[in-house]
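Participant: I am attaching a structure below and will ask some questions about it afterwards.
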Amino acid sequence: MFVAGKGGSGKTTLAAALALKAAREGKCVLAIEADAKGDLFRALGSRRGGYKPEVVQRNLSVSALKPELAMQEYLHVAFKIPRIVRATPLSRVFDFIATGIPGPKEMVTVGKIAYEERARDRNGNSMWDLIVVDAMASGQVVSHLRAPRDALGVMKSGLIRGQLEWIDETLRDHNTTVVALTATPEEMSVVEALELDQGIRHTAVAVGICFANKVAESAGVEASKVGRLMSKRANRDAVGACLGGPIDLVVKTNDFVADLESVQQTYIADLRAQMKAPVLEIPVVASTSGLATTRVIASALGDQE
């Protein structure tokens with residue numbers, strides 16, 4: 001599952017929450033940080049960010065995808081070329097291959113993810129029940145998903161073509177690969193999510209769901225209804241008596257939330273009307289990103305199954 005969306009839409013936190021939720025259900029999960037600006041490790045309670053998968057929670061491992069290291073691993077596995085360091089002449093192999101096929105960094109990124117999907121343990125069983133990818137920035141994810149197909153137009157035969165074909169097939173197999181989009185209920189975020197939806201569908205990769213993230217909630221009570229009740233003097237006096245003082249600040253806060261809910265629901269309605277995939281609302285969490293926030297979002301996902 002690739003989790004993709006505009007910066008600030010909560011993409012990393014949702015990717016972490018989806019991975020954590022699956023791990024809680026007993027699945028063996030690998031979370032991959034493909035976004036160089038992401039913070040997936042911290043969202044899953046770890047301060048480190050290595051290339052090799054490391055266990056950070058029960059049933060849950062995480063790794064940071066680095067294109068150059070992925071290329072070195074590919075050369076080692078496919079062509080038996082020793083793993084290299086920047087100081088050696090062989091370190092230029094990455095740059096050399098980069099001129100041979102279109103989008104080399106995109107290719108090794110999705111190739112590494114597909115490689116992990118094929119990984120097996122000593123008994124021949126799949127290493128991972130689910131791979132969740134905190135995907136590249138929304139302006140790059142489409143080019144990553146179409147990279148194998150673009151490269152197939154150049155590589156007409158040989159070992160590399162065969163590898164490109166199975167990577168491309170893995171991405172386009174709707175039973176294997178899906179994209180989850182994230183958006184906040186704001187104009188620019190909704191517009192970008194809809195554009196991203198169209199761009200991804202043109203690659204023939206499935207878009208399975210869109211998360212409308214950071215949606216304001218009023219503890220199960222609509223702020224607009226509270227506002228109507230508070231418009232009556234008798235109700236205001238009764239509430240004031242219970243609280244032991246003026247309630248002007250409470251009323252103003254409620255009015256603000258009511259206006260926010262109204263605006264947000266307008267954008268969510270636009271998202272639902274134009275997005276072919278289901279749209280699921282995720283409540284705003286008033287805290288910074290981290291494991292605590294991830295746990296709250298994971299629980300919210302479970303509640304809405």
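Here's how to read the names in the structure tokens: chain A, B, ... by the order shown, residue numbers from 1 in each chain, ligand numbers from 1 in the order shown.
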Output as a ChimeraX atom specification all residues of segment 42-219 of chain A that backbone DSSP marks as helix (DSSP H, G or I).

Facilitator: /A:42-43,67-79,89-98,104-118,138-152,159-172,187-201

Participant: Would you save the residues of that selection, restricted to C-alpha atoms, as a PDB file, in the first residue's frame?

Facilitator:
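Here's the written file selection_25.pdb:
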ATOM      1  CA  ARG A  42       9.451   8.889  14.783  1.00  0.00           C
ATOM      2  CA  ALA A  43       5.780   8.274  13.994  1.00  0.00           C
ATOM      3  CA  PRO A  67      18.009   4.859  -3.944  1.00  0.00           C
ATOM      4  CA  GLU A  68      21.793   4.550  -4.060  1.00  0.00           C
ATOM      5  CA  LEU A  69      21.850   1.760  -1.470  1.00  0.00           C
ATOM      6  CA  ALA A  70      18.969   0.063  -3.269  1.00  0.00           C
ATOM      7  CA  MET A  71      20.980   0.188  -6.514  1.00  0.00           C
ATOM      8  CA  GLN A  72      24.001  -1.327  -4.780  1.00  0.00           C
ATOM      9  CA  GLU A  73      21.820  -4.096  -3.394  1.00  0.00           C
ATOM     10  CA  TYR A  74      20.309  -4.742  -6.839  1.00  0.00           C
ATOM     11  CA  LEU A  75      23.734  -4.955  -8.506  1.00  0.00           C
ATOM     12  CA  HIS A  76      24.902  -7.323  -5.783  1.00  0.00           C
ATOM     13  CA  VAL A  77      21.850  -9.617  -6.003  1.00  0.00           C
ATOM     14  CA  ALA A  78      21.351  -9.597  -9.785  1.00  0.00           C
ATOM     15  CA  PHE A  79      24.930  -9.323 -11.068  1.00  0.00           C
ATOM     16  CA  PRO A  89      35.609   3.471  -8.710  1.00  0.00           C
ATOM     17  CA  LEU A  90      32.634   1.094  -8.723  1.00  0.00           C
ATOM     18  CA  SER A  91      30.648   3.764  -6.912  1.00  0.00           C
ATOM     19  CA  ARG A  92      30.216   5.349 -10.356  1.00  0.00           C
ATOM     20  CA  VAL A  93      28.175   2.338 -11.502  1.00  0.00           C
ATOM     21  CA  PHE A  94      25.021   3.971 -10.196  1.00  0.00           C
ATOM     22  CA  ASP A  95      25.669   7.113 -12.253  1.00  0.00           C
ATOM     23  CA  PHE A  96      26.574   5.027 -15.302  1.00  0.00           C
ATOM     24  CA  ILE A  97      23.373   2.984 -15.186  1.00  0.00           C
ATOM     25  CA  ALA A  98      21.418   6.174 -14.578  1.00  0.00           C
ATOM     26  CA  PRO A 104      16.739   5.180 -12.646  1.00  0.00           C
ATOM     27  CA  LYS A 105      16.122   6.454  -9.110  1.00  0.00           C
ATOM     28  CA  GLU A 106      12.399   5.927  -9.537  1.00  0.00           C
ATOM     29  CA  MET A 107      13.083   2.437 -10.881  1.00  0.00           C
ATOM     30  CA  VAL A 108      15.272   1.301  -7.992  1.00  0.00           C
ATOM     31  CA  THR A 109      12.795   2.789  -5.505  1.00  0.00           C
ATOM     32  CA  VAL A 110       9.775   0.843  -6.735  1.00  0.00           C
ATOM     33  CA  GLY A 111      12.033  -2.107  -7.566  1.00  0.00           C
ATOM     34  CA  LYS A 112      13.215  -2.345  -3.960  1.00  0.00           C
ATOM     35  CA  ILE A 113       9.606  -2.272  -2.738  1.00  0.00           C
ATOM     36  CA  ALA A 114       8.638  -5.004  -5.218  1.00  0.00           C
ATOM     37  CA  TYR A 115      11.700  -6.992  -4.140  1.00  0.00           C
ATOM     38  CA  GLU A 116      10.535  -6.862  -0.508  1.00  0.00           C
ATOM     39  CA  GLU A 117       7.110  -8.077  -1.635  1.00  0.00           C
ATOM     40  CA  ARG A 118       8.835 -11.166  -3.027  1.00  0.00           C
ATOM     41  CA  SER A 138       2.701  13.973  -4.556  1.00  0.00           C
ATOM     42  CA  GLY A 139       4.539  15.583  -7.485  1.00  0.00           C
ATOM     43  CA  GLN A 140       6.816  12.526  -7.767  1.00  0.00           C
ATOM     44  CA  VAL A 141       4.715   9.494  -6.891  1.00  0.00           C
ATOM     45  CA  VAL A 142       3.115   9.220 -10.347  1.00  0.00           C
ATOM     46  CA  SER A 143       6.512   9.159 -12.074  1.00  0.00           C
ATOM     47  CA  HIS A 144       7.651   6.448  -9.650  1.00  0.00           C
ATOM     48  CA  LEU A 145       4.610   4.269 -10.338  1.00  0.00           C
ATOM     49  CA  ARG A 146       4.972   4.535 -14.107  1.00  0.00           C
ATOM     50  CA  ALA A 147       8.793   4.169 -14.122  1.00  0.00           C
ATOM     51  CA  PRO A 148       8.842   0.419 -14.951  1.00  0.00           C
ATOM     52  CA  ARG A 149       6.493   0.882 -17.910  1.00  0.00           C
ATOM     53  CA  ASP A 150       8.556   3.823 -19.205  1.00  0.00           C
ATOM     54  CA  ALA A 151      11.757   1.789 -18.898  1.00  0.00           C
ATOM     55  CA  LEU A 152      10.185  -1.143 -20.778  1.00  0.00           C
ATOM     56  CA  LEU A 159      17.607  -9.865 -17.801  1.00  0.00           C
ATOM     57  CA  ILE A 160      16.734  -6.276 -16.869  1.00  0.00           C
ATOM     58  CA  ARG A 161      13.648  -6.311 -19.095  1.00  0.00           C
ATOM     59  CA  GLY A 162      12.378  -9.440 -17.381  1.00  0.00           C
ATOM     60  CA  GLN A 163      12.800  -7.768 -14.007  1.00  0.00           C
ATOM     61  CA  LEU A 164      11.056  -4.630 -15.211  1.00  0.00           C
ATOM     62  CA  GLU A 165       8.120  -6.725 -16.380  1.00  0.00           C
ATOM     63  CA  TRP A 166       7.501  -8.386 -13.025  1.00  0.00           C
ATOM     64  CA  ILE A 167       7.888  -5.073 -11.173  1.00  0.00           C
ATOM     65  CA  ASP A 168       5.375  -3.478 -13.551  1.00  0.00           C
ATOM     66  CA  GLU A 169       3.006  -6.431 -13.159  1.00  0.00           C
ATOM     67  CA  THR A 170       3.283  -6.219  -9.360  1.00  0.00           C
ATOM     68  CA  LEU A 171       2.359  -2.538  -9.374  1.00  0.00           C
ATOM     69  CA  ARG A 172      -0.592  -3.010 -11.746  1.00  0.00           C
ATOM     70  CA  GLU A 187      -9.389  23.769  -1.197  1.00  0.00           C
ATOM     71  CA  MET A 188      -5.799  23.262  -2.377  1.00  0.00           C
ATOM     72  CA  SER A 189      -5.423  19.888  -0.692  1.00  0.00           C
ATOM     73  CA  VAL A 190      -8.669  18.578  -2.217  1.00  0.00           C
ATOM     74  CA  VAL A 191      -7.716  19.855  -5.682  1.00  0.00           C
ATOM     75  CA  GLU A 192      -4.304  18.219  -5.467  1.00  0.00           C
ATOM     76  CA  ALA A 193      -5.770  14.930  -4.228  1.00  0.00           C
ATOM     77  CA  LEU A 194      -8.193  14.815  -7.150  1.00  0.00           C
ATOM     78  CA  GLU A 195      -5.386  15.571  -9.612  1.00  0.00           C
ATOM     79  CA  LEU A 196      -3.228  12.889  -8.004  1.00  0.00           C
ATOM     80  CA  ASP A 197      -6.111  10.419  -8.229  1.00  0.00           C
ATOM     81  CA  GLN A 198      -6.378  11.019 -11.968  1.00  0.00           C
ATOM     82  CA  GLY A 199      -2.620  10.810 -12.491  1.00  0.00           C
ATOM     83  CA  ILE A 200      -2.314   7.516 -10.629  1.00  0.00           C
ATOM     84  CA  ARG A 201      -5.272   5.968 -12.428  1.00  0.00           C
TER      85      ARG A 201
END

Participant: Quick one: residues within 12 Å of segment 58-61 of chain A, only C-alpha atoms counted, chain neighbours fewer than 4 positions away excluded, as a VMD selection string?

Facilitator: chain A and resid 16 to 33 40 to 41 44 to 46 49 to 54 127 to 133

Participant: Please, which residues in segment 171-251 of chain A fall within 6 Å of segment 274-294 of chain A when counting only C-alpha atoms, and what is the closest atom pair and distance in Å to one decimal for each, ordered by chain then residue number, as a Markdown table?

Facilitator:
| residue | atom | partner | partner_atom | distance |
| --- | --- | --- | --- | --- |
| A:Gly208 | CA | A:Ala277 | CA | 5.7 |
| A:Ile209 | CA | A:Ala277 | CA | 5.0 |
| A:Cys210 | CA | A:Val279 | CA | 4.8 |
| A:Phe211 | CA | A:Leu280 | CA | 4.9 |
| A:Ala212 | CA | A:Glu281 | CA | 4.7 |
| A:Asn213 | CA | A:Ile282 | CA | 4.7 |
| A:Lys214 | CA | A:Val284 | CA | 3.6 |
| A:Val215 | CA | A:Pro283 | CA | 4.6 |
| A:Ala216 | CA | A:Val284 | CA | 5.7 |

Participant: If we count only C-alpha atoms, what is near Ala34 of chain A at a cut-off of 9 Å, once residues fewer than 2 positions away on the same chain are taken out, given as a count of residues only?

Facilitator: 13

Participant: If you run DSSP over the backbone, which residues in segment 3-51 of chain A end up strand (DSSP E or B)? Put them as a list in words.

Facilitator: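 Here is the list: Val3, Ala4, Gly5, Val29, Leu30, Ala31, Ile32 and Glu33 of chain A.
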
Participant: Keeping only N, CA and C atoms, write the selected residues to a file as a compact mmCIF listing (two decimals), in the first residue's frame.

Facilitator:
# COMPACT_ATOMS: atom_id res chain seq x y z
N VAL A 3 0.95 5.15 0.44
CA VAL A 3 0.16 6.24 1.02
C VAL A 3 0.71 7.53 0.46
N ALA A 4 -0.11 8.25 -0.30
CA ALA A 4 0.37 9.42 -1.05
C ALA A 4 -0.55 10.61 -0.81
N GLY A 5 0.04 11.81 -0.84
CA GLY A 5 -0.76 13.01 -0.68
C GLY A 5 0.11 14.24 -0.56
N VAL A 29 4.30 -6.78 9.30
CA VAL A 29 4.23 -5.56 8.49
C VAL A 29 5.61 -4.93 8.32
N LEU A 30 5.88 -4.47 7.10
CA LEU A 30 7.06 -3.65 6.83
C LEU A 30 6.58 -2.26 6.42
N ALA A 31 7.00 -1.24 7.14
CA ALA A 31 6.71 0.15 6.78
C ALA A 31 7.97 0.73 6.14
N ILE A 32 7.82 1.32 4.96
CA ILE A 32 8.96 1.86 4.22
C ILE A 32 8.82 3.36 4.07
N GLU A 33 9.85 4.08 4.47
CA GLU A 33 9.88 5.53 4.30
C GLU A 33 10.56 5.84 2.96

Participant: Show me, as a ChimeraX atom specification, the residues that have an atom within 12 Å of Gly240 of chain A when counting only C-alpha atoms, minus same-chain residues fewer than 5 positions from it.

Facilitator: /A:230,233-235,245-251

Participant: Can I get the selection written as a PDB file, in the first residue's frame, with N, CA and C atoms?

Facilitator:
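That gives us part_22.pdb:
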ATOM      1  N   MET A 230     -27.736  27.830  22.074  1.00  0.00           N
ATOM      2  CA  MET A 230     -27.148  28.941  22.818  1.00  0.00           C
ATOM      3  C   MET A 230     -27.652  30.302  22.345  1.00  0.00           C
ATOM      4  N   ARG A 233     -31.621  33.095  25.166  1.00  0.00           N
ATOM      5  CA  ARG A 233     -31.113  33.671  26.406  1.00  0.00           C
ATOM      6  C   ARG A 233     -31.281  32.725  27.593  1.00  0.00           C
ATOM      7  N   ALA A 234     -32.430  32.065  27.666  1.00  0.00           N
ATOM      8  CA  ALA A 234     -32.702  31.186  28.804  1.00  0.00           C
ATOM      9  C   ALA A 234     -31.690  30.043  28.854  1.00  0.00           C
ATOM     10  N   ASN A 235     -31.354  29.524  27.706  1.00  0.00           N
ATOM     11  CA  ASN A 235     -30.383  28.425  27.656  1.00  0.00           C
ATOM     12  C   ASN A 235     -28.997  28.919  28.075  1.00  0.00           C
ATOM     13  N   GLY A 245     -20.380  31.178  35.738  1.00  0.00           N
ATOM     14  CA  GLY A 245     -19.895  32.442  35.201  1.00  0.00           C
ATOM     15  C   GLY A 245     -20.293  32.640  33.751  1.00  0.00           C
ATOM     16  N   PRO A 246     -19.860  33.749  33.130  1.00  0.00           N
ATOM     17  CA  PRO A 246     -20.194  34.033  31.723  1.00  0.00           C
ATOM     18  C   PRO A 246     -19.701  32.930  30.794  1.00  0.00           C
ATOM     19  N   ILE A 247     -20.431  32.725  29.714  1.00  0.00           N
ATOM     20  CA  ILE A 247     -20.063  31.660  28.777  1.00  0.00           C
ATOM     21  C   ILE A 247     -19.743  32.214  27.387  1.00  0.00           C
ATOM     22  N   ASP A 248     -19.426  33.520  27.327  1.00  0.00           N
ATOM     23  CA  ASP A 248     -19.176  34.140  26.023  1.00  0.00           C
ATOM     24  C   ASP A 248     -18.055  33.433  25.252  1.00  0.00           C
ATOM     25  N   LEU A 249     -16.964  33.085  25.961  1.00  0.00           N
ATOM     26  CA  LEU A 249     -15.845  32.423  25.293  1.00  0.00           C
ATOM     27  C   LEU A 249     -16.258  31.050  24.765  1.00  0.00           C
ATOM     28  N   VAL A 250     -17.090  30.342  25.548  1.00  0.00           N
ATOM     29  CA  VAL A 250     -17.578  29.031  25.104  1.00  0.00           C
ATOM     30  C   VAL A 250     -18.411  29.179  23.841  1.00  0.00           C
ATOM     31  N   VAL A 251     -19.277  30.175  23.814  1.00  0.00           N
ATOM     32  CA  VAL A 251     -20.141  30.399  22.657  1.00  0.00           C
ATOM     33  C   VAL A 251     -19.315  30.756  21.427  1.00  0.00           C
TER      34      VAL A 251
END

Participant: Counting only C-alpha atoms, figure out which residue out of A:Val239, A:Gly302, A:Pro185, A:Ala273 gets nearest to Leu260 of chain A.

Facilitator: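 Using only C-alpha atoms, the shortest distance to Leu260 of chain A belongs to A:Pro185.
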
Participant: To one decimal place, how far is atom CA of Val55 of chain A from atom CA of Asp35 of chain A in Å?

Facilitator: 19.5 Å
